[in-house]
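Peer 1: Dropping the structure in here first, questions after.
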Amino acid sequence: MNEYRTTAAKPVLVVAFLNQVFGVDPATGRVLWEHKEDGLPNSSTALLVTPAAIYAATFSRITCLRYPTGELLWQAKTAVQGRATLLLEGDRLFVARLGEIECFSLTGQSLWHNRFKGKGMGPVALGVPDNVTQSDDTG
(Lines give C-alpha, C1' and ligand atoms only; values in the text may rest on other atoms or scores of the structure.)
Protein backbone atom coordinates (compact mmCIF):
# COMPACT_ATOMS: atom_id res chain seq x y z
CA MET A 1 0.00 0.00 0.00
CA ASN A 2 2.64 2.59 0.99
CA GLU A 3 5.58 2.20 -1.34
CA TYR A 4 6.47 5.87 -0.80
CA ARG A 5 7.84 7.34 2.41
CA THR A 6 6.35 10.49 3.86
CA THR A 7 9.11 13.09 4.08
CA ALA A 8 7.11 16.26 3.60
CA ALA A 9 6.29 18.45 6.54
CA LYS A 10 2.57 18.74 7.25
CA PRO A 11 0.30 19.43 5.58
CA VAL A 12 0.20 16.67 3.02
CA LEU A 13 -2.17 17.34 0.13
CA VAL A 14 -4.65 14.46 -0.20
CA VAL A 15 -5.81 13.74 -3.75
CA ALA A 16 -8.42 11.16 -4.79
CA PHE A 17 -9.58 9.95 -8.20
CA LEU A 18 -10.34 6.69 -10.00
CA ASN A 19 -10.51 4.63 -6.75
CA GLN A 20 -7.07 5.88 -5.65
CA VAL A 21 -6.01 8.14 -2.79
CA PHE A 22 -2.62 9.86 -2.87
CA GLY A 23 -0.57 11.86 -0.41
CA VAL A 24 1.25 14.64 -2.25
CA ASP A 25 3.95 17.03 -1.08
CA PRO A 26 2.27 20.40 -1.71
CA ALA A 27 5.63 22.15 -2.17
CA THR A 28 6.94 19.85 -4.91
CA GLY A 29 3.98 17.81 -6.22
CA ARG A 30 5.86 14.60 -5.45
CA VAL A 31 3.68 11.58 -4.61
CA LEU A 32 4.53 10.47 -1.07
CA TRP A 33 2.16 7.49 -0.83
CA GLU A 34 -0.83 5.97 -2.56
CA HIS A 35 -3.72 3.70 -1.66
CA LYS A 36 -5.76 1.89 -4.32
CA GLU A 37 -9.33 0.88 -3.57
CA ASP A 38 -11.09 -2.14 -4.97
CA GLY A 39 -14.33 -1.35 -6.71
CA LEU A 40 -15.74 -0.14 -9.95
CA PRO A 41 -13.13 1.32 -12.29
CA ASN A 42 -13.38 5.06 -12.77
CA SER A 43 -15.77 5.62 -9.87
CA SER A 44 -15.55 8.84 -7.91
CA THR A 45 -14.14 9.12 -4.41
CA ALA A 46 -15.49 11.48 -1.74
CA LEU A 47 -12.91 12.72 0.79
CA LEU A 48 -13.02 14.04 4.31
CA VAL A 49 -9.64 14.92 5.86
CA THR A 50 -8.95 15.67 9.54
CA PRO A 51 -5.63 16.26 11.33
CA ALA A 52 -5.60 12.54 12.25
CA ALA A 53 -7.52 10.66 9.54
CA ILE A 54 -8.54 10.54 5.90
CA TYR A 55 -12.00 9.15 5.15
CA ALA A 56 -12.46 8.08 1.53
CA ALA A 57 -15.80 6.83 0.24
CA THR A 58 -15.79 4.96 -3.04
CA PHE A 59 -18.78 3.34 -4.78
CA SER A 60 -19.56 0.83 -2.01
CA ARG A 61 -16.94 1.25 0.69
CA ILE A 62 -15.59 3.67 3.26
CA THR A 63 -11.87 3.58 4.02
CA CYS A 64 -10.03 5.27 6.85
CA LEU A 65 -6.34 6.09 6.38
CA ARG A 66 -4.01 7.71 8.91
CA TYR A 67 -3.19 11.33 8.12
CA PRO A 68 -0.54 12.24 6.98
CA THR A 69 1.06 8.81 6.30
CA GLY A 70 -1.75 7.08 4.36
CA GLU A 71 -1.53 3.96 6.57
CA LEU A 72 -4.71 1.87 6.28
CA LEU A 73 -6.66 1.95 9.57
CA TRP A 74 -9.93 0.27 8.53
CA GLN A 75 -12.38 -0.40 5.72
CA ALA A 76 -16.10 -1.09 5.76
CA LYS A 77 -18.71 -1.86 3.13
CA THR A 78 -21.60 0.57 2.97
CA ALA A 79 -25.25 -0.43 2.77
CA VAL A 80 -25.87 1.77 -0.28
CA GLN A 81 -23.79 2.16 -3.42
CA GLY A 82 -23.10 5.38 -5.31
CA ARG A 83 -21.46 8.78 -4.91
CA ALA A 84 -21.23 9.71 -1.22
CA THR A 85 -21.55 12.82 0.88
CA LEU A 86 -19.51 12.66 4.13
CA LEU A 87 -19.93 14.48 7.43
CA LEU A 88 -17.87 13.95 10.58
CA GLU A 89 -19.45 15.12 13.81
CA GLY A 90 -17.90 14.16 17.15
CA ASP A 91 -17.34 10.42 17.17
CA ARG A 92 -19.70 9.69 14.27
CA LEU A 93 -19.06 9.53 10.53
CA PHE A 94 -22.17 9.98 8.41
CA VAL A 95 -22.19 8.59 4.86
CA ALA A 96 -25.11 9.64 2.65
CA ARG A 97 -25.94 8.22 -0.78
CA LEU A 98 -29.05 8.43 -2.96
CA GLY A 99 -31.44 9.52 -0.21
CA GLU A 100 -30.07 7.15 2.46
CA ILE A 101 -27.75 7.77 5.42
CA GLU A 102 -25.49 5.36 7.26
CA CYS A 103 -23.71 6.19 10.51
CA PHE A 104 -20.30 4.71 11.39
CA SER A 105 -18.19 4.79 14.53
CA LEU A 106 -14.63 6.07 14.13
CA THR A 107 -13.49 2.44 14.21
CA GLY A 108 -15.55 1.52 11.13
CA GLN A 109 -18.54 -0.14 12.79
CA SER A 110 -21.90 0.57 11.15
CA LEU A 111 -24.14 1.99 13.90
CA TRP A 112 -27.34 2.62 11.98
CA HIS A 113 -28.82 3.00 8.51
CA ASN A 114 -31.87 5.10 7.56
CA ARG A 115 -33.43 4.45 4.16
CA PHE A 116 -35.99 7.29 4.39
CA LYS A 117 -38.43 4.78 2.91
CA GLY A 118 -40.93 6.31 0.53
CA LYS A 119 -39.18 9.69 0.43
CA GLY A 120 -37.35 9.27 -2.90
CA MET A 121 -33.77 8.98 -4.08
CA GLY A 122 -31.27 11.74 -4.76
CA PRO A 123 -28.17 13.60 -3.64
CA VAL A 124 -28.03 14.26 0.11
CA ALA A 125 -26.73 17.31 2.01
CA LEU A 126 -25.85 16.80 5.69
CA GLY A 127 -25.51 19.30 8.49
CA VAL A 128 -25.42 20.21 12.13
CA PRO A 129 -24.70 23.72 13.47
CA ASP A 130 -21.35 24.98 12.11
CA ASN A 131 -20.73 21.74 10.17
CA VAL A 132 -22.51 21.37 6.83
CA THR A 133 -21.66 19.29 3.77
CA GLN A 134 -23.51 20.11 0.57
CA SER A 135 -24.71 17.32 -1.68
CA ASP A 136 -22.63 16.31 -4.63
CA ASP A 137 -24.91 15.46 -7.51
CA THR A 138 -22.23 14.56 -10.05
CA GLY A 139 -23.54 11.02 -10.25
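If you're wondering about the labels, chains in the C-alpha coordinates are A, B, ... by order shown, residues count from 1 in each chain, ligands from 1 in order shown.
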At a cut-off of 12 Å, using only C-alpha atoms, what residues contact region 89-91 of chain A? Leave out same-chain residues fewer than 2 positions from it and give the result as a VMD selection string.
Peer 2: chain A and resid 48 50 86 to 87 93 to 95 103 to 109 111 126 to 133
Peer 1: At a cut-off of 9 Å, using only C-alpha atoms, what residues contact region 59-64 of chain A? Leave out same-chain residues fewer than 5 positions from it and give the result as a ChimeraX atom specification.
Peer 2: /A:19,37-40,43-45,53-54,70-84,95,106-108
Peer 1: Just give me the gap between CA of Ala56 (chain A) and CA of Glu100 (chain A) in Å, one decimal is fine.
Peer 2: 17.7 Å
Peer 1: Give the strand (DSSP E or B) residues of region 14-129 of chain A, as DSSP finds them on the backbone, and put them as a PyMOL selection string.
Peer 2: chain A and resi 14-17+20-24+31-36+46-49+53-57+61-66+72-77+85-89+92-97+100-105+110-114+126-128
Peer 1: Quote the spacing between CA of Thr85 (chain A) and CA of Pro26 (chain A) in Å to one decimal place.
Peer 2: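 Calculated distance between CA of Thr85 (chain A) and CA of Pro26 (chain A) is 25.1 Å.
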Peer 1: Which residue gives the smallest distance to Gly23 (chain A) among A:Gly99, A:Gly118, A:Pro68, A:Pro123, with only C-alpha atoms counted?
Peer 2: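 Using only C-alpha atoms, Gly23 (chain A) sits closest to A:Pro68.
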